[in-house]
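Coordinates as given in model.cif (mmCIF, C-alpha atoms):
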data_upload
loop_
_atom_site.label_atom_id
_atom_site.label_comp_id
_atom_site.auth_asym_id
_atom_site.auth_seq_id
_atom_site.Cartn_x
_atom_site.Cartn_y
_atom_site.Cartn_z
CA MET A 28 0.00 0.00 0.00
CA THR A 29 1.26 3.48 -0.85
CA GLU A 30 1.91 5.51 2.29
CA THR A 31 0.37 8.97 2.23
CA ALA A 32 0.58 11.87 4.63
CA GLU A 33 -3.02 11.14 5.67
CA SER A 34 -2.25 7.51 6.48
CA VAL A 35 0.59 8.44 8.82
CA SER A 36 -1.56 11.07 10.58
CA PHE A 37 0.52 14.15 9.79
CA ASP A 38 -1.37 17.40 9.60
CA VAL A 39 -0.42 19.14 6.36
CA PRO A 40 1.52 22.14 7.77
CA SER A 41 3.62 19.93 10.05
CA TYR A 42 4.14 17.37 7.31
CA MET A 43 5.32 19.96 4.79
CA ARG A 44 7.59 21.63 7.32
CA GLU A 45 9.22 18.29 8.07
CA LEU A 46 9.81 17.74 4.34
CA GLY A 47 11.46 21.15 4.20
CA ARG A 48 13.67 20.50 7.19
CA CYS A 49 14.84 17.15 5.81
CA ALA A 50 15.45 18.67 2.38
CA ARG A 51 17.62 21.43 3.85
CA GLN A 52 19.73 18.88 5.71
CA ALA A 53 20.06 16.69 2.62
CA SER A 54 20.99 19.66 0.43
CA ARG A 55 24.28 20.09 2.29
CA LEU A 56 25.23 16.49 1.63
CA VAL A 57 24.18 16.31 -2.01
CA GLY A 58 25.66 19.76 -2.66
CA ARG A 59 29.13 18.51 -1.77
CA ALA A 60 28.73 15.06 -3.36
CA GLU A 61 31.24 14.05 -6.01
CA SER A 62 30.07 13.74 -9.61
CA GLY A 63 30.69 10.00 -9.53
CA ASP A 64 28.36 9.53 -6.57
CA LYS A 65 25.60 11.59 -8.17
CA ASN A 66 25.98 9.69 -11.42
CA ALA A 67 25.90 6.37 -9.57
CA ALA A 68 22.61 7.42 -7.99
CA LEU A 69 21.15 8.39 -11.37
CA TYR A 70 22.11 5.05 -12.90
CA ALA A 71 20.75 3.20 -9.86
CA ILE A 72 17.43 5.08 -10.07
CA ALA A 73 17.21 4.25 -13.78
CA ASP A 74 17.86 0.57 -13.05
CA ALA A 75 15.23 0.57 -10.29
CA ILE A 76 12.63 2.07 -12.65
CA VAL A 77 13.30 -0.65 -15.22
CA ALA A 78 13.32 -3.41 -12.58
CA ASP A 79 10.07 -2.17 -11.01
CA ARG A 80 8.21 -1.57 -14.29
CA VAL A 81 5.45 -4.06 -13.41
CA GLN A 82 4.74 -2.32 -10.11
CA LEU A 83 4.94 1.10 -11.77
CA ALA A 84 2.42 0.02 -14.42
CA ALA A 85 0.10 -1.39 -11.77
CA GLU A 86 0.14 1.83 -9.75
CA ASN A 87 -0.31 3.86 -12.93
CA ARG A 88 -3.41 1.83 -13.81
CA LYS A 89 -4.95 2.95 -10.50
CA ASP A 90 -4.42 6.57 -11.51
CA LEU A 91 -5.79 5.98 -15.01
CA GLN A 92 -8.90 4.27 -13.64
CA ALA A 93 -9.49 7.06 -11.14
CA GLY A 94 -8.93 9.62 -13.88
CA LYS A 95 -11.55 8.01 -16.12
CA GLN A 96 -14.01 7.99 -13.24
CA ARG A 97 -13.30 11.69 -12.66
CA GLY A 98 -13.93 12.44 -16.32
CA LEU A 99 -10.40 13.48 -17.35
CA ASP A 100 -10.26 14.13 -21.07
CA ALA A 101 -8.33 11.94 -23.49
CA ALA A 102 -5.36 14.32 -23.70
CA LEU A 103 -4.87 14.34 -19.91
CA LEU A 104 -5.22 10.58 -19.72
CA ASP A 105 -2.62 10.21 -22.45
CA ARG A 106 -0.15 12.41 -20.53
CA LEU A 107 -0.87 10.43 -17.38
CA GLU A 108 -0.26 6.98 -18.86
CA LEU A 109 3.04 5.18 -18.27
CA THR A 110 3.47 2.85 -21.22
CA ASP A 111 6.43 0.47 -21.48
CA ALA A 112 8.06 2.92 -23.88
CA ARG A 113 7.61 5.82 -21.48
CA ILE A 114 9.06 3.84 -18.59
CA ASP A 115 12.09 3.04 -20.74
CA ALA A 116 12.30 6.72 -21.74
CA MET A 117 12.35 7.83 -18.08
CA ALA A 118 15.26 5.50 -17.36
CA GLU A 119 17.11 6.59 -20.49
CA GLY A 120 16.57 10.24 -19.58
CA LEU A 121 18.25 9.70 -16.22
CA ARG A 122 21.20 7.99 -17.90
CA GLN A 123 21.50 10.93 -20.29
CA ILE A 124 21.57 13.36 -17.37
CA ALA A 125 24.34 11.28 -15.78
CA ALA A 126 26.36 11.66 -18.98
CA LEU A 127 26.15 15.48 -18.90
CA ASP A 128 28.97 17.61 -17.54
CA ASP A 129 28.58 18.45 -13.86
CA PRO A 130 28.29 22.24 -13.50
CA VAL A 131 28.93 22.27 -9.74
CA GLY A 132 32.32 23.63 -8.71
CA ALA A 133 33.24 24.95 -12.15
CA ILE A 134 35.42 28.09 -11.88
CA SER A 135 35.29 30.82 -14.52
CA ASP A 136 36.58 34.36 -15.15
CA LEU A 137 39.62 33.90 -12.90
CA ASN A 138 41.82 36.99 -13.22
CA TYR A 139 44.56 38.76 -11.28
CA ARG A 140 43.68 42.17 -9.89
CA PRO A 141 46.21 45.03 -9.42
CA SER A 142 46.34 44.15 -5.72
CA GLY A 143 47.71 40.68 -6.58
CA ILE A 144 44.61 38.70 -5.60
CA GLN A 145 42.88 36.41 -8.07
CA VAL A 146 39.12 36.91 -8.43
CA GLY A 147 36.81 34.45 -10.18
CA ARG A 148 33.40 32.87 -9.97
CA MET A 149 32.34 29.38 -8.94
CA ARG A 150 29.11 27.63 -9.92
CA VAL A 151 27.23 26.23 -6.92
CA PRO A 152 23.80 24.60 -6.30
CA LEU A 153 20.77 26.72 -5.49
CA GLY A 154 20.06 24.52 -2.45
CA VAL A 155 16.48 23.23 -2.14
CA ILE A 156 14.11 23.42 -5.09
CA GLY A 157 10.35 22.97 -4.80
CA ILE A 158 8.70 21.80 -8.02
CA ILE A 159 4.92 21.86 -8.49
CA TYR A 160 3.53 20.16 -11.58
CA GLU A 161 0.51 18.46 -13.10
CA SER A 162 -0.43 15.23 -14.86
CA ARG A 163 2.72 13.68 -16.30
CA PRO A 164 4.51 11.30 -13.89
CA ASN A 165 7.64 11.33 -16.10
CA VAL A 166 8.27 14.85 -14.75
CA THR A 167 8.99 13.21 -11.38
CA ALA A 168 11.97 11.32 -12.82
CA ASP A 169 13.19 14.26 -14.94
CA ALA A 170 13.00 16.74 -12.07
CA ALA A 171 14.67 14.38 -9.60
CA GLY A 172 17.50 13.69 -12.04
CA LEU A 173 18.19 17.32 -12.92
CA CYS A 174 18.07 18.50 -9.32
CA LEU A 175 20.34 15.68 -8.16
CA LYS A 176 22.95 16.20 -10.89
CA SER A 177 23.05 19.95 -10.17
CA GLY A 178 23.66 19.27 -6.46
CA ASN A 179 20.24 20.32 -5.19
CA ALA A 180 17.75 18.64 -2.91
CA CYS A 181 14.15 18.86 -4.10
CA ILE A 182 10.56 18.59 -2.93
CA LEU A 183 8.27 17.39 -5.73
CA ARG A 184 4.53 18.01 -5.61
CA GLY A 185 2.83 16.26 -8.52
CA GLY A 186 -0.84 16.43 -9.40
CA SER A 187 -3.37 14.43 -7.41
CA GLU A 188 -4.31 12.54 -10.59
CA ALA A 189 -0.85 10.90 -10.61
CA LEU A 190 -0.50 10.17 -6.89
CA HIS A 191 0.00 6.39 -7.13
CA SER A 192 2.39 6.66 -10.09
CA ASN A 193 4.47 9.34 -8.39
CA GLN A 194 4.71 7.45 -5.12
CA ALA A 195 5.85 4.33 -6.97
CA LEU A 196 8.53 6.42 -8.70
CA ALA A 197 9.48 7.90 -5.32
CA GLY A 198 10.25 4.38 -4.15
CA CYS A 199 12.59 3.83 -7.11
CA ILE A 200 14.32 7.14 -6.46
CA LYS A 201 14.80 6.31 -2.78
CA LYS A 202 16.37 2.95 -3.67
CA GLY A 203 18.80 4.56 -6.08
CA LEU A 204 19.87 7.28 -3.65
CA GLN A 205 20.45 4.81 -0.84
CA GLN A 206 22.38 2.45 -3.11
CA ALA A 207 24.74 5.31 -4.04
CA GLY A 208 25.20 6.37 -0.42
CA LEU A 209 23.31 9.64 -0.78
CA PRO A 210 20.50 10.73 1.59
CA ALA A 211 17.08 9.41 0.61
CA THR A 212 15.63 12.81 1.55
CA ALA A 213 17.55 14.50 -1.28
CA VAL A 214 14.42 13.86 -3.36
CA GLN A 215 11.07 13.88 -1.56
CA VAL A 216 7.74 13.41 -3.34
CA VAL A 217 4.79 14.94 -1.48
CA ALA A 218 2.51 12.08 -0.48
CA THR A 219 -0.74 13.94 0.11
CA THR A 220 -3.46 14.97 -2.31
CA ASP A 221 -4.53 17.82 -0.01
CA ARG A 222 -4.33 21.02 -2.05
CA ALA A 223 -3.23 22.86 1.09
CA ALA A 224 0.18 21.22 0.62
CA VAL A 225 0.94 23.62 -2.23
CA GLY A 226 0.17 26.65 -0.09
CA GLU A 227 2.32 25.30 2.74
CA LEU A 228 5.22 24.60 0.38
CA LEU A 229 5.11 28.21 -0.80
CA LYS A 230 5.60 29.37 2.80
CA LEU A 231 8.76 27.35 3.48
CA GLU A 232 11.21 30.18 2.80
CA GLU A 233 13.32 28.98 5.75
CA PHE A 234 14.05 25.73 3.91
CA VAL A 235 13.28 26.17 0.19
CA ASP A 236 15.33 28.44 -2.09
CA VAL A 237 13.41 28.35 -5.38
CA ILE A 238 9.97 27.26 -6.62
CA VAL A 239 9.51 25.93 -10.16
CA PRO A 240 5.89 25.51 -11.33
CA ARG A 241 5.05 23.40 -14.39
CA GLY A 242 1.46 23.40 -15.51
CA GLY A 243 -1.37 25.56 -16.77
CA LYS A 244 -1.56 29.31 -16.58
CA GLY A 245 -3.95 29.20 -13.60
CA LEU A 246 -1.54 27.13 -11.51
CA ILE A 247 1.43 29.34 -12.36
CA GLU A 248 -0.47 32.57 -11.66
CA ARG A 249 -1.52 31.23 -8.27
CA ILE A 250 2.01 30.22 -7.34
CA SER A 251 3.48 33.53 -8.52
CA ARG A 252 0.89 35.39 -6.47
CA GLU A 253 1.17 33.38 -3.25
CA SER A 254 4.80 32.31 -3.04
CA ARG A 255 7.12 33.83 -0.45
CA ILE A 256 9.99 32.13 -2.32
CA PRO A 257 11.52 33.21 -5.67
CA VAL A 258 9.77 31.54 -8.63
CA ILE A 259 11.26 30.44 -11.98
CA LYS A 260 8.38 30.27 -14.46
CA HIS A 261 6.67 31.27 -17.66
CA LEU A 262 2.95 32.00 -17.68
CA HIS A 263 2.15 31.15 -21.29
CA GLY A 264 3.65 30.91 -24.75
CA VAL A 265 2.22 33.31 -27.32
CA CYS A 266 4.93 32.67 -29.93
CA HIS A 267 5.17 34.61 -33.20
CA THR A 268 6.70 33.96 -36.60
CA TYR A 269 7.27 37.07 -38.72
CA ILE A 270 7.77 36.55 -42.47
CA ASP A 271 9.73 39.53 -43.76
CA ASP A 272 9.28 40.83 -47.31
CA GLN A 273 12.88 39.76 -47.96
CA ALA A 274 12.23 36.16 -46.87
CA ASP A 275 12.94 33.13 -49.01
CA ILE A 276 9.43 31.83 -49.82
CA ASP A 277 10.34 28.15 -49.49
CA LYS A 278 12.02 28.70 -46.12
CA ALA A 279 9.14 30.82 -44.88
CA VAL A 280 6.51 28.22 -45.78
CA LYS A 281 8.52 25.37 -44.26
CA VAL A 282 9.29 27.22 -41.00
CA ALA A 283 5.80 28.66 -40.48
CA PHE A 284 4.06 25.37 -41.19
CA ASN A 285 6.31 23.38 -38.85
CA ALA A 286 6.07 25.99 -36.08
CA LYS A 287 2.31 25.50 -35.93
CA THR A 288 1.67 21.89 -36.88
CA GLN A 289 4.60 19.84 -35.53
CA ARG A 290 2.79 19.74 -32.17
CA TYR A 291 -0.20 21.81 -31.11
CA GLY A 292 -0.16 21.56 -27.32
CA THR A 293 3.31 22.89 -26.47
CA CYS A 294 4.37 26.29 -25.18
CA ASN A 295 6.82 26.83 -28.07
CA THR A 296 4.20 26.29 -30.79
CA MET A 297 3.50 29.36 -32.97
CA GLU A 298 0.17 30.99 -32.13
CA THR A 299 0.37 34.13 -34.35
CA LEU A 300 1.73 34.45 -37.87
CA LEU A 301 2.83 37.94 -38.93
CA VAL A 302 3.43 38.54 -42.64
CA ALA A 303 4.90 41.65 -44.29
CA GLU A 304 2.53 43.36 -46.74
CA GLY A 305 5.10 43.15 -49.51
CA ILE A 306 5.15 39.34 -49.52
CA ALA A 307 1.69 38.47 -48.19
CA GLU A 308 0.02 37.81 -51.54
CA ARG A 309 2.75 35.32 -52.47
CA VAL A 310 3.15 33.41 -49.21
CA LEU A 311 -0.30 33.38 -47.59
CA PRO A 312 -2.11 31.41 -50.34
CA LEU A 313 0.53 28.68 -50.08
CA LEU A 314 0.35 28.51 -46.31
CA GLY A 315 -3.42 28.85 -46.30
CA ARG A 316 -3.83 25.67 -48.36
CA MET A 317 -1.36 23.77 -46.19
CA TYR A 318 -3.00 24.82 -42.94
CA ARG A 319 -6.45 24.01 -44.31
CA ASP A 320 -5.30 20.53 -45.36
CA ALA A 321 -3.83 20.01 -41.88
CA GLY A 322 -7.11 21.01 -40.21
CA VAL A 323 -5.85 24.30 -38.76
CA GLU A 324 -8.45 27.03 -38.25
CA LEU A 325 -7.17 30.46 -39.32
CA ARG A 326 -8.36 33.70 -37.74
CA GLY A 327 -7.18 36.70 -39.69
CA CYS A 328 -7.05 40.48 -39.82
CA GLU A 329 -8.96 42.35 -42.52
CA ARG A 330 -6.04 42.34 -44.98
CA SER A 331 -5.29 38.64 -44.55
CA ARG A 332 -8.99 37.87 -45.12
CA GLN A 333 -8.85 39.75 -48.41
CA ILE A 334 -6.07 37.38 -49.50
CA LEU A 335 -7.57 34.26 -47.87
CA ASN A 336 -11.29 34.88 -48.17
CA ASP A 337 -12.35 31.62 -46.53
CA ILE A 338 -10.86 32.29 -43.07
CA ASN A 339 -12.55 33.60 -39.93
CA ALA A 340 -12.19 37.13 -38.64
CA ALA A 341 -9.80 37.52 -35.72
CA GLN A 342 -11.15 39.12 -32.57
CA ASP A 343 -9.07 41.46 -30.38
CA SER A 344 -8.63 38.62 -27.87
CA ASP A 345 -7.02 36.37 -30.49
CA TRP A 346 -3.77 38.34 -30.62
CA ASN A 347 -2.71 37.36 -27.09
CA GLU A 348 -4.29 33.91 -27.01
CA GLU A 349 -2.28 30.73 -26.39
CA TYR A 350 -4.51 28.28 -28.24
CA LEU A 351 -2.58 25.03 -27.64
CA ALA A 352 -4.80 23.75 -30.44
CA PRO A 353 -5.01 23.71 -34.28
CA ILE A 354 -5.95 27.40 -34.37
CA LEU A 355 -3.72 30.19 -35.71
CA SER A 356 -4.15 33.96 -35.80
CA VAL A 357 -2.78 35.72 -38.88
CA ARG A 358 -1.96 39.40 -39.33
CA VAL A 359 -0.51 41.26 -42.28
CA VAL A 360 1.80 44.04 -41.06
CA ALA A 361 3.45 46.91 -42.89
CA ASP A 362 7.07 46.06 -42.13
CA LEU A 363 9.61 44.94 -39.53
CA ASP A 364 8.83 47.84 -37.20
CA ALA A 365 5.14 46.95 -37.18
CA ALA A 366 5.96 43.31 -36.49
CA ILE A 367 8.18 44.21 -33.53
CA ASP A 368 5.50 46.57 -32.20
CA HIS A 369 2.89 43.79 -32.41
CA ILE A 370 5.15 41.33 -30.56
CA GLU A 371 5.93 43.91 -27.88
CA LYS A 372 2.20 44.53 -27.32
CA PHE A 373 0.84 41.00 -27.48
CA GLY A 374 3.77 38.63 -26.94
CA SER A 375 4.52 36.58 -23.82
CA ARG A 376 8.33 36.93 -24.09
CA HIS A 377 8.71 33.21 -24.77
CA THR A 378 9.89 32.55 -28.37
CA ASP A 379 9.66 34.69 -31.50
CA VAL A 380 10.99 34.10 -35.02
CA ILE A 381 11.90 36.16 -38.08
CA VAL A 382 12.21 34.61 -41.55
CA SER A 383 14.36 36.91 -43.67
CA GLU A 384 17.39 36.88 -45.96
CA ASN A 385 18.25 40.43 -44.87
CA ILE A 386 20.89 40.04 -42.16
CA THR A 387 20.53 43.66 -41.02
CA ARG A 388 16.83 43.17 -40.34
CA ALA A 389 17.47 39.80 -38.73
CA ARG A 390 19.99 41.37 -36.35
CA ARG A 391 17.54 44.13 -35.48
CA PHE A 392 14.92 41.50 -34.66
CA LEU A 393 17.38 39.59 -32.48
CA ARG A 394 18.36 42.75 -30.64
CA GLU A 395 14.98 44.41 -30.20
CA VAL A 396 12.54 41.54 -29.56
CA ASP A 397 12.55 41.06 -25.79
CA SER A 398 11.90 37.32 -25.52
CA SER A 399 13.76 34.46 -23.85
CA SER A 400 14.41 32.85 -27.26
CA VAL A 401 14.66 34.80 -30.52
CA MET A 402 15.32 32.94 -33.78
CA VAL A 403 16.22 33.59 -37.41
CA ASN A 404 14.96 31.25 -40.14
CA ALA A 405 14.13 28.41 -37.74
CA SER A 406 10.95 26.97 -36.24
CA SER A 407 9.93 28.11 -32.75
CA ARG A 408 9.59 24.42 -31.88
CA PHE A 409 13.37 24.37 -31.33
CA ALA A 410 12.94 26.35 -28.07
CA ASP A 411 13.67 23.34 -25.91
CA GLY A 412 16.43 22.33 -23.51
CA PHE A 413 17.31 19.15 -25.40
CA GLU A 414 17.44 20.96 -28.76
CA TYR A 415 19.65 23.67 -27.23
CA GLY A 416 22.16 21.09 -26.06
CA LEU A 417 21.25 21.33 -22.37
CA GLY A 418 20.47 17.61 -22.25
CA ALA A 419 17.16 18.20 -20.50
CA GLU A 420 15.21 21.01 -18.91
CA ILE A 421 13.24 21.61 -15.75
CA GLY A 422 11.07 24.15 -17.56
CA ILE A 423 11.26 27.43 -19.46
CA SER A 424 11.64 30.82 -17.84
CA THR A 425 10.51 34.13 -19.28
CA ASP A 426 11.83 36.00 -16.25
CA LYS A 427 14.87 38.24 -16.65
CA LEU A 428 16.65 37.47 -13.39
CA HIS A 429 18.74 34.35 -12.79
CA ALA A 430 17.50 31.96 -15.51
CA ARG A 431 15.93 32.80 -18.87
CA GLY A 432 14.75 30.40 -21.57
CA PRO A 433 15.05 26.62 -21.12
CA VAL A 434 16.34 25.87 -17.61
CA GLY A 435 18.83 23.01 -17.56
CA LEU A 436 21.56 22.01 -15.13
CA GLU A 437 23.30 25.38 -15.26
CA GLY A 438 20.00 27.17 -14.61
CA LEU A 439 19.64 25.15 -11.40
CA THR A 440 22.90 26.57 -10.10
CA THR A 441 24.12 30.06 -9.27
CA LEU A 442 27.49 31.83 -9.15
CA LYS A 443 29.48 33.10 -6.21
CA PHE A 444 32.67 35.12 -6.24
CA ILE A 445 35.84 33.38 -5.08
CA VAL A 446 39.19 34.98 -4.23
CA PHE A 447 42.70 33.47 -4.07
CA GLY A 448 45.39 35.32 -2.17
CA ASP A 449 48.74 34.63 -0.52
CA GLY A 450 48.58 36.65 2.63
CA HIS A 451 47.32 39.70 0.77
CA ILE A 452 45.91 42.58 2.83
CA ARG A 453 44.13 45.69 1.67
CA VAL A 454 45.97 48.96 2.18
#
Once you've parsed the file, please lay out its structure as structure tokens.
Amino acid sequence: MTETAESVSFDVPSYMRELGRCARQASRLVGRAESGDKNAALYAIADAIVADRVQLAAENRKDLQAGKQRGLDAALLDRLELTDARIDAMAEGLRQIAALDDPVGAISDLNYRPSGIQVGRMRVPLGVIGIIYESRPNVTADAAGLCLKSGNACILRGGSEALHSNQALAGCIKKGLQQAGLPATAVQVVATTDRAAVGELLKLEEFVDVIVPRGGKGLIERISRESRIPVIKHLHGVCHTYIDDQADIDKAVKVAFNAKTQRYGTCNTMETLLVAEGIAERVLPLLGRMYRDAGVELRGCERSRQILNDINAAQDSDWNEEYLAPILSVRVVADLDAAIDHIEKFGSRHTDVIVSENITRARRFLREVDSSSVMVNASSRFADGFEYGLGAEIGISTDKLHARGPVGLEGLTTLKFIVFGDGHIRV
């Protein structure tokens, strides 16, 4: 039987505070752990997940059955399910994290000063990370692996719909940590479905250094509003592709089609297509046919509807809507300046793209568009930690302080100044 906070008679505030206290203690041990020990734990967790796949599948079936009874839609049930392939993928993901370079302890920018001292910077763990997420139990393995490799302890609060799956994974993680000689409390999975646990976690500023929410806009807004602890997050992804009048038509069509249709339900999917007036009559009919054949509903401005007369009229609310669905808003703009103005007004500072052969305009777009990822002649779907070479990501940040864009191992660390002297004194 899976042990929950209710079954061991903890009241939620006391239970969460105890998790925080244990995490803080464990963070000191995992923060100074050698790379080999952390990697050994990651491999051991991966092996435990593979060895316990039958138990994991059985616990996951309980969540799926409960989800069906609660009326979860097909998309949520799909994200919740742990197939054999997904179990293998979780284990492989942990092994890939083990193969990444360890950022902890890396020294950079070491220089002599006129006084004779050497000043540099060292990368160190953040400490204790609280992660709040929904639906997908594979996030439990990913988050545990990234936090462990970056030398952090973590408290993981998954959605109530995945309680049995997450607790089964917690058992695998505990086995792996203990086998490698690291504290089992370096990764703790909250074992209560009580929603008050989230509020209590957000109050643990004595023990928790950073909160990372992963989920819908409502969840992230609540956490940003209530947390006493710094939050790394993005609220939503209203991503734009701007086709400049000096774009290569073939590139523009390929990039804009992929950015919308490769996957609909991701935060780096294009939601608004901006097209320069000078190229609109050449590129929009091509894209219009392709989107129609793919089942994408287009909602356009007056000018785009003159070119594509079978599309719906866009409402004011469409320009800042994250559809996460086969729906795309389309606007014809005068030029690059108008495109940048539109993105500044309606964008979410996630990912924005220009398609152009004019390097001067491309550089202006890179410099002036204030988003966490800005791209030239490439699909917005590349805004991803794996695609950026980070190995994996804990999430994407549109904040400007600490981490911005996909947050990988380096984003889960910080820098401190270090000084080397030889009896130097200040005069």
Discussion item. Just the number, please: distance in Å from atom CA of A:Leu363 to atom CA of A:Val380, one decimal.
Written reply: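 Interatomic distance, atom CA of A:Leu363 to atom CA of A:Val380: 11.8 Å.
Among A:Gly94, A:Gly147, A:Gly157, A:Gly203, the residue with the shortest atom-to-atom distance to A:Leu183, counting all atoms listed in the file, is A:Gly157.
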Fill in: Exercise: stretch 224-233 of chain A partners within 10 Å, all atoms listed in the file, chain neighbours under 6 positions left out, as a ChimeraX atom specification
/A:38-44,46-48,51,157-159,182-185,217-218,249-251,253-258
For those residues, write C-alpha atoms to a file as a PDB file, keeping the file's coordinate frame.
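Below you can see again_35.pdb, which holds the result:
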ATOM      1  CA  ASP A  38      -1.370  17.400   9.600  1.00  0.00           C
ATOM      2  CA  VAL A  39      -0.420  19.140   6.360  1.00  0.00           C
ATOM      3  CA  PRO A  40       1.520  22.140   7.770  1.00  0.00           C
ATOM      4  CA  SER A  41       3.620  19.930  10.050  1.00  0.00           C
ATOM      5  CA  TYR A  42       4.140  17.370   7.310  1.00  0.00           C
ATOM      6  CA  MET A  43       5.320  19.960   4.790  1.00  0.00           C
ATOM      7  CA  ARG A  44       7.590  21.630   7.320  1.00  0.00           C
ATOM      8  CA  LEU A  46       9.810  17.740   4.340  1.00  0.00           C
ATOM      9  CA  GLY A  47      11.460  21.150   4.200  1.00  0.00           C
ATOM     10  CA  ARG A  48      13.670  20.500   7.190  1.00  0.00           C
ATOM     11  CA  ARG A  51      17.620  21.430   3.850  1.00  0.00           C
ATOM     12  CA  GLY A 157      10.350  22.970  -4.800  1.00  0.00           C
ATOM     13  CA  ILE A 158       8.700  21.800  -8.020  1.00  0.00           C
ATOM     14  CA  ILE A 159       4.920  21.860  -8.490  1.00  0.00           C
ATOM     15  CA  ILE A 182      10.560  18.590  -2.930  1.00  0.00           C
ATOM     16  CA  LEU A 183       8.270  17.390  -5.730  1.00  0.00           C
ATOM     17  CA  ARG A 184       4.530  18.010  -5.610  1.00  0.00           C
ATOM     18  CA  GLY A 185       2.830  16.260  -8.520  1.00  0.00           C
ATOM     19  CA  VAL A 217       4.790  14.940  -1.480  1.00  0.00           C
ATOM     20  CA  ALA A 218       2.510  12.080  -0.480  1.00  0.00           C
ATOM     21  CA  ARG A 249      -1.520  31.230  -8.270  1.00  0.00           C
ATOM     22  CA  ILE A 250       2.010  30.220  -7.340  1.00  0.00           C
ATOM     23  CA  SER A 251       3.480  33.530  -8.520  1.00  0.00           C
ATOM     24  CA  GLU A 253       1.170  33.380  -3.250  1.00  0.00           C
ATOM     25  CA  SER A 254       4.800  32.310  -3.040  1.00  0.00           C
ATOM     26  CA  ARG A 255       7.120  33.830  -0.450  1.00  0.00           C
ATOM     27  CA  ILE A 256       9.990  32.130  -2.320  1.00  0.00           C
ATOM     28  CA  PRO A 257      11.520  33.210  -5.670  1.00  0.00           C
ATOM     29  CA  VAL A 258       9.770  31.540  -8.630  1.00  0.00           C
TER      30      VAL A 258
END
Discussion item. Quick check, in Å to one decimal: how far apart do atom CA of A:Glu188 and atom CA of A:Gly435 lie?
Written reply: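 These atoms are spaced 26.3 Å apart.
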Might you pull out every residue within 7 Å of stretch 96-108 of chain A, with all atoms listed in the file counted and same-chain residues fewer than 4 positions away left off, and present them as an mmCIF file with C-alpha atoms, keeping the file's coordinate frame?
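Generated output (result-v2.cif):
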data_model
loop_
_atom_site.group_PDB
_atom_site.id
_atom_site.type_symbol
_atom_site.label_atom_id
_atom_site.label_comp_id
_atom_site.auth_asym_id
_atom_site.auth_seq_id
_atom_site.Cartn_x
_atom_site.Cartn_y
_atom_site.Cartn_z
ATOM 1 C CA ASN A 87 -0.310 3.860 -12.930
ATOM 2 C CA LEU A 91 -5.790 5.980 -15.010
ATOM 3 C CA GLN A 92 -8.900 4.270 -13.640
ATOM 4 C CA SER A 162 -0.430 15.230 -14.860
ATOM 5 C CA ARG A 163 2.720 13.680 -16.300
ATOM 6 C CA PRO A 164 4.510 11.300 -13.890
ATOM 7 C CA ALA A 189 -0.850 10.900 -10.610
#
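Nearest residue to A:Tyr291 among A:Glu61, A:Arg408, A:Trp346, A:Cys199 is A:Arg408, counting only C-alpha atoms.
Using only C-alpha atoms, the protein and nucleic acid residues lying no more than 7 Å from stretch 368-377 of chain A, apart from those fewer than 3 places from it along its own chain, are His263, Gly264, Val265, Cys266, Trp346, Asn347, Asp364, Ala365, Asp397, Ser398, Ser399, Ser400 and Thr425 of chain A.
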Discussion item. Residue by residue, what does the PyMOL selection byres ((chain A and resi 173) around 8) grab here? Present the result as a PyMOL selection string.
Written reply: chain A and resi 124+169-172+174-177+419-421+435-436
Dump C-alpha atoms for the selected residues as a tab-separated table (two decimals), in the frame of the given file?
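What follows is the written file selection20.tsv:
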chain	number	residue	atom	x	y	z
A	124	ILE	CA	21.57	13.36	-17.37
A	169	ASP	CA	13.19	14.26	-14.94
A	170	ALA	CA	13.00	16.74	-12.07
A	171	ALA	CA	14.67	14.38	-9.60
A	172	GLY	CA	17.50	13.69	-12.04
A	174	CYS	CA	18.07	18.50	-9.32
A	175	LEU	CA	20.34	15.68	-8.16
A	176	LYS	CA	22.95	16.20	-10.89
A	177	SER	CA	23.05	19.95	-10.17
A	419	ALA	CA	17.16	18.20	-20.50
A	420	GLU	CA	15.21	21.01	-18.91
A	421	ILE	CA	13.24	21.61	-15.75
A	435	GLY	CA	18.83	23.01	-17.56
A	436	LEU	CA	21.56	22.01	-15.13
Worksheet item: What gap, in Å, lies between atom CA of A:Phe447 and atom CA of A:Gly58?
Response: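 According to the coordinates, atom CA of A:Phe447 and atom CA of A:Gly58 are separated by 21.9 Å.
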Discussion item. For stretch 150-154 of chain A, find every residue with an atom within 12 Å (counting only C-alpha atoms), except residues of its own chain fewer than 4 positions away, and show them as a ChimeraX atom specification.
Written reply: /A:47,50-60,129-136,173-182,213,232-238,257,429-430,436-445
Worksheet item: From the set A:Asp128, A:Asp277, A:Glu324, A:Glu348, which residue has the shortest atom-to-atom contact distance to A:Gly416, counting all atoms listed in the file?
Response: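 Ranked by minimum distance to A:Gly416, first place goes to A:Asp128.
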Worksheet item: What does the PyMOL selection byres ((chain A and resi 293) around 10) select in this file, as a PyMOL selection string?
Response: chain A and resi 263-264+287+289-292+294-297+349-352+408
Practice prompt. Using only C-alpha atoms, determine which residues lie at most 9 Å from A:Ala279, disregarding the query and same-chain residues fewer than 6 positions distant; provide the list as a ChimeraX atom specification.
Written response: /A:269-271,310,382-383,404
Fill in: Resolved residues for the PyMOL selection byres ((chain A and resi 326) around 12) as an MDAnalysis selection string
chainID A and resid 298:300 315 318:319 323:325 327:332 335:346 348 350 353:359
Worksheet item: Which residue gives the smallest distance to A:Gly186 among A:Gly422, A:Gly120, A:Gly242, A:Gly450, with all atoms listed in the file counted?
Response: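 Residue with the minimum atom-to-atom distance to A:Gly186: A:Gly242.
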